[in-house]
Amino acid sequence: MNRLSGLYAITDDKLSGCALSAAVEAVLVGGCRILQYRSKQTDRSQLLVEANALLILCRQYGAKLLINDNVQLAAEIGAHGVHLGQDDTPIVQARTLLGDSAIIGITCHDSLTLALEAQQAGADYIAFGRFFSSSTKPSAPPADLSVLCAAKTRLTVPVVAIGGITLDNAPSVIAAGADMLAVVGDLFGAADITARAQAYCKLFG
């Protein structure tokens, strides 16, 4: 698997249907090559329709689609992987369901201990955050950028930063050690989503 890096787009739960597909395509046109489908809706048929539509788009642009939390959905549509929270399906179980080639990431908040355990269990990347105030997860525990610096010395898998990332603070987050920037609001809330995605991608050279 190629090393994961760059802009990591996470879909805005406020978007659905055609609006979701259009926004995601705009992100992919802008150069993003890893996308997470995050939806808290409970309508299984709608989840399947949207996830399949996004998978088609990702394949068209050579991007990877990960599903948030829902390992069964990821397996059913043949997504490239899954992103897990601490209370979701264990990494080992997700690996068994999705196979060796699947990308499995996990949120570890600000804990290097959890990150090291996740790496040992087979995670392909570790996500830390939130680093700034976030409208997507306002109640998430805060993390300091120093955890990224420490993670780079202790982990061999890529590191993701999430939580309130904007173009203004992104350079400091990358400088602290983030391999990927997970962005929701500052990306999908932009007036020109493609231009915003391009701006993020340029930060990585």
# chains A, B, ... in the order shown; residues from 1 in each chain; ligands from 1
>>> select_by_dssp(residues="range 32-95 of chain A", states="helix (DSSP H, G or I)", output="number ranges by chain")
A: 44-61, 71-77, 91-95
>>> residues_around(residues="range 141-148 of chain A", least_positions_apart="6", cutoff="12 Å", atoms="only C-alpha atoms", output="mmCIF file with N, CA and C atoms, in the first residue's frame")
data_model
loop_
_atom_site.group_PDB
_atom_site.id
_atom_site.type_symbol
_atom_site.label_atom_id
_atom_site.label_comp_id
_atom_site.auth_asym_id
_atom_site.auth_seq_id
_atom_site.Cartn_x
_atom_site.Cartn_y
_atom_site.Cartn_z
ATOM 1 N N THR A 107 -9.199 6.489 15.526
ATOM 2 C CA THR A 107 -9.026 7.703 16.309
ATOM 3 C C THR A 107 -8.451 7.355 17.671
ATOM 4 N N CYS A 108 -7.385 8.060 18.068
ATOM 5 C CA CYS A 108 -6.756 7.833 19.373
ATOM 6 C C CYS A 108 -6.716 9.103 20.219
ATOM 7 N N HIS A 109 -7.494 10.104 19.818
ATOM 8 C CA HIS A 109 -7.629 11.357 20.579
ATOM 9 C C HIS A 109 -6.260 12.009 20.813
ATOM 10 N N ASP A 110 -5.757 11.993 22.051
ATOM 11 C CA ASP A 110 -4.428 12.568 22.314
ATOM 12 C C ASP A 110 -3.530 11.546 23.011
ATOM 13 N N SER A 111 -3.862 10.248 22.829
ATOM 14 C CA SER A 111 -3.181 9.186 23.568
ATOM 15 C C SER A 111 -2.164 8.408 22.736
ATOM 16 N N LEU A 112 -0.897 8.546 23.082
ATOM 17 C CA LEU A 112 0.144 7.751 22.423
ATOM 18 C C LEU A 112 0.021 6.274 22.806
ATOM 19 N N THR A 113 -0.452 6.024 24.005
ATOM 20 C CA THR A 113 -0.626 4.637 24.447
ATOM 21 C C THR A 113 -1.637 3.917 23.566
ATOM 22 N N ALA A 115 -2.458 4.802 20.597
ATOM 23 C CA ALA A 115 -1.902 4.772 19.248
ATOM 24 C C ALA A 115 -0.950 3.596 19.072
ATOM 25 N N ILE A 126 -3.097 6.385 12.256
ATOM 26 C CA ILE A 126 -3.632 6.816 13.535
ATOM 27 C C ILE A 126 -4.091 8.259 13.412
ATOM 28 N N ALA A 127 -5.297 8.543 13.895
ATOM 29 C CA ALA A 127 -5.822 9.906 13.880
ATOM 30 C C ALA A 127 -5.798 10.494 15.287
ATOM 31 N N PHE A 128 -5.266 11.705 15.400
ATOM 32 C CA PHE A 128 -5.249 12.430 16.663
ATOM 33 C C PHE A 128 -6.084 13.701 16.537
ATOM 34 N N GLY A 129 -6.697 14.122 17.615
ATOM 35 C CA GLY A 129 -7.445 15.368 17.634
ATOM 36 C C GLY A 129 -8.645 15.258 18.559
ATOM 37 N N ARG A 130 -9.342 16.377 18.776
ATOM 38 C CA ARG A 130 -9.358 17.561 17.965
ATOM 39 C C ARG A 130 -8.302 18.564 18.421
ATOM 40 N N PHE A 131 -7.714 19.282 17.490
ATOM 41 C CA PHE A 131 -6.677 20.252 17.814
ATOM 42 C C PHE A 131 -7.211 21.672 17.956
ATOM 43 N N PHE A 132 -8.330 21.949 17.316
ATOM 44 C CA PHE A 132 -8.955 23.268 17.376
ATOM 45 C C PHE A 132 -10.451 23.072 17.579
ATOM 46 N N SER A 133 -11.159 24.145 17.903
ATOM 47 C CA SER A 133 -12.605 24.019 18.092
ATOM 48 C C SER A 133 -13.240 23.506 16.801
ATOM 49 N N SER A 134 -14.170 22.578 16.953
ATOM 50 C CA SER A 134 -14.746 21.897 15.794
ATOM 51 C C SER A 134 -16.261 21.874 15.892
ATOM 52 N N ARG A 154 7.497 7.759 17.609
ATOM 53 C CA ARG A 154 7.118 6.471 18.194
ATOM 54 C C ARG A 154 6.360 5.556 17.233
ATOM 55 N N LEU A 155 5.744 6.134 16.216
ATOM 56 C CA LEU A 155 4.920 5.345 15.304
ATOM 57 C C LEU A 155 5.589 5.190 13.943
ATOM 58 N N PRO A 158 1.328 6.245 9.204
ATOM 59 C CA PRO A 158 1.001 7.658 9.017
ATOM 60 C C PRO A 158 0.110 8.208 10.130
ATOM 61 N N VAL A 159 0.247 9.510 10.334
ATOM 62 C CA VAL A 159 -0.476 10.208 11.392
ATOM 63 C C VAL A 159 -1.442 11.217 10.776
ATOM 64 N N VAL A 160 -2.687 11.192 11.238
ATOM 65 C CA VAL A 160 -3.725 12.102 10.760
ATOM 66 C C VAL A 160 -4.081 13.103 11.858
ATOM 67 N N ALA A 161 -4.250 14.357 11.480
ATOM 68 C CA ALA A 161 -4.732 15.374 12.404
ATOM 69 C C ALA A 161 -6.156 15.725 12.038
ATOM 70 N N ILE A 162 -7.022 15.834 13.044
ATOM 71 C CA ILE A 162 -8.431 16.141 12.804
ATOM 72 C C ILE A 162 -8.948 17.102 13.873
ATOM 73 N N GLY A 163 -9.925 17.894 13.479
ATOM 74 C CA GLY A 163 -10.581 18.762 14.443
ATOM 75 C C GLY A 163 -10.288 20.226 14.241
ATOM 76 N N GLY A 164 -11.191 20.907 13.544
ATOM 77 C CA GLY A 164 -11.053 22.342 13.368
ATOM 78 C C GLY A 164 -9.932 22.771 12.439
ATOM 79 N N ILE A 165 -9.505 21.883 11.553
ATOM 80 C CA ILE A 165 -8.423 22.222 10.620
ATOM 81 C C ILE A 165 -8.938 23.239 9.597
ATOM 82 N N ASN A 169 -4.566 27.345 9.869
ATOM 83 C CA ASN A 169 -3.774 26.605 10.859
ATOM 84 C C ASN A 169 -3.123 25.346 10.311
ATOM 85 N N ALA A 170 -3.470 24.960 9.092
ATOM 86 C CA ALA A 170 -2.937 23.728 8.506
ATOM 87 C C ALA A 170 -1.404 23.674 8.455
ATOM 88 N N PRO A 171 -0.710 24.755 8.050
ATOM 89 C CA PRO A 171 0.750 24.672 7.999
ATOM 90 C C PRO A 171 1.389 24.307 9.344
ATOM 91 N N SER A 172 0.846 24.827 10.438
ATOM 92 C CA SER A 172 1.406 24.508 11.756
ATOM 93 C C SER A 172 1.155 23.048 12.119
ATOM 94 N N VAL A 173 0.046 22.508 11.653
ATOM 95 C CA VAL A 173 -0.282 21.112 11.939
ATOM 96 C C VAL A 173 0.635 20.183 11.144
ATOM 97 N N ILE A 174 0.883 20.527 9.903
ATOM 98 C CA ILE A 174 1.809 19.737 9.080
ATOM 99 C C ILE A 174 3.213 19.811 9.658
ATOM 100 N N ALA A 175 3.615 21.002 10.082
ATOM 101 C CA ALA A 175 4.953 21.184 10.661
ATOM 102 C C ALA A 175 5.130 20.365 11.935
ATOM 103 N N ALA A 176 4.033 20.156 12.655
ATOM 104 C CA ALA A 176 4.088 19.380 13.895
ATOM 105 C C ALA A 176 4.215 17.882 13.634
ATOM 106 N N GLY A 177 3.931 17.451 12.388
ATOM 107 C CA GLY A 177 4.141 16.048 12.053
ATOM 108 C C GLY A 177 2.994 15.322 11.381
ATOM 109 N N ALA A 178 1.910 16.024 11.058
ATOM 110 C CA ALA A 178 0.772 15.349 10.429
ATOM 111 C C ALA A 178 1.097 14.938 8.997
ATOM 112 N N ASP A 179 0.823 13.676 8.670
ATOM 113 C CA ASP A 179 0.965 13.192 7.292
ATOM 114 C C ASP A 179 -0.280 13.486 6.472
ATOM 115 N N MET A 180 -1.426 13.535 7.168
ATOM 116 C CA MET A 180 -2.707 13.816 6.519
ATOM 117 C C MET A 180 -3.482 14.817 7.359
ATOM 118 N N LEU A 181 -4.251 15.664 6.674
ATOM 119 C CA LEU A 181 -5.150 16.593 7.343
ATOM 120 C C LEU A 181 -6.582 16.151 7.055
#
>>> residues_around(residues="Arg44 in chain A", least_positions_apart="5", cutoff="12 Å", atoms="only C-alpha atoms", output="VMD selection string")
chain A and resid 39 49 to 51 70 72 to 73 76
>>> write_last_selection(atoms="C-alpha atoms", output="mmCIF file, in the first residue's frame")
data_model
loop_
_atom_site.group_PDB
_atom_site.id
_atom_site.type_symbol
_atom_site.label_atom_id
_atom_site.label_comp_id
_atom_site.auth_asym_id
_atom_site.auth_seq_id
_atom_site.Cartn_x
_atom_site.Cartn_y
_atom_site.Cartn_z
ATOM 1 C CA SER A 39 -23.023 9.628 7.917
ATOM 2 C CA VAL A 49 -26.935 4.155 -2.228
ATOM 3 C CA GLU A 50 -24.697 7.006 -1.103
ATOM 4 C CA ALA A 51 -21.689 4.833 -0.275
ATOM 5 C CA ASN A 70 -19.535 0.842 9.698
ATOM 6 C CA GLN A 72 -20.329 -4.154 7.510
ATOM 7 C CA LEU A 73 -21.148 -1.398 5.020
ATOM 8 C CA GLU A 76 -20.753 -4.964 1.531
#
>>> closest_residue(among="A:Ala79, A:Ile34, A:Leu54, A:Leu4", to="Cys18 in chain A", atoms="only C-alpha atoms")
A:Leu54
>>> atom_distance(atom1="CA of Ala190 in chain A", atom2="CA of Val27 in chain A")
10.6 Å
>>> closest_residue(among="A:Leu187, A:Arg33, A:Glu25, A:Leu47", to="Ser5 in chain A", atoms="only C-alpha atoms")
A:Arg33
>>> select_by_dssp(residues="range 164-203 of chain A", states="strand (DSSP E)", output="number ranges by chain")
A: 180-183
>>> closest_residue(among="A:Val71, A:Ile77, A:Ala94, A:Ala23", to="Ala191 in chain A", atoms="only C-alpha atoms")
A:Ala23
>>> closest_residue(among="A:Ala22, A:Ala150, A:Leu114, A:Ile103", to="Gln86 in chain A", atoms="only C-alpha atoms")
A:Leu114
>>> atom_distance(atom1="CA of Leu97 in chain A", atom2="CA of Ala151 in chain A")
28.0 Å
>>> residues_around(residues="Pro90 in chain A", least_positions_apart="3", cutoff="12 Å", atoms="only C-alpha atoms", output="ChimeraX atom specification")
/A:69-71,82-87,93-97,104-106,117-118,121-123
>>> closest_residue(among="A:Arg196, A:Gln41, A:Leu66, A:Leu35", to="Leu15 in chain A", atoms="only C-alpha atoms")
A:Gln41
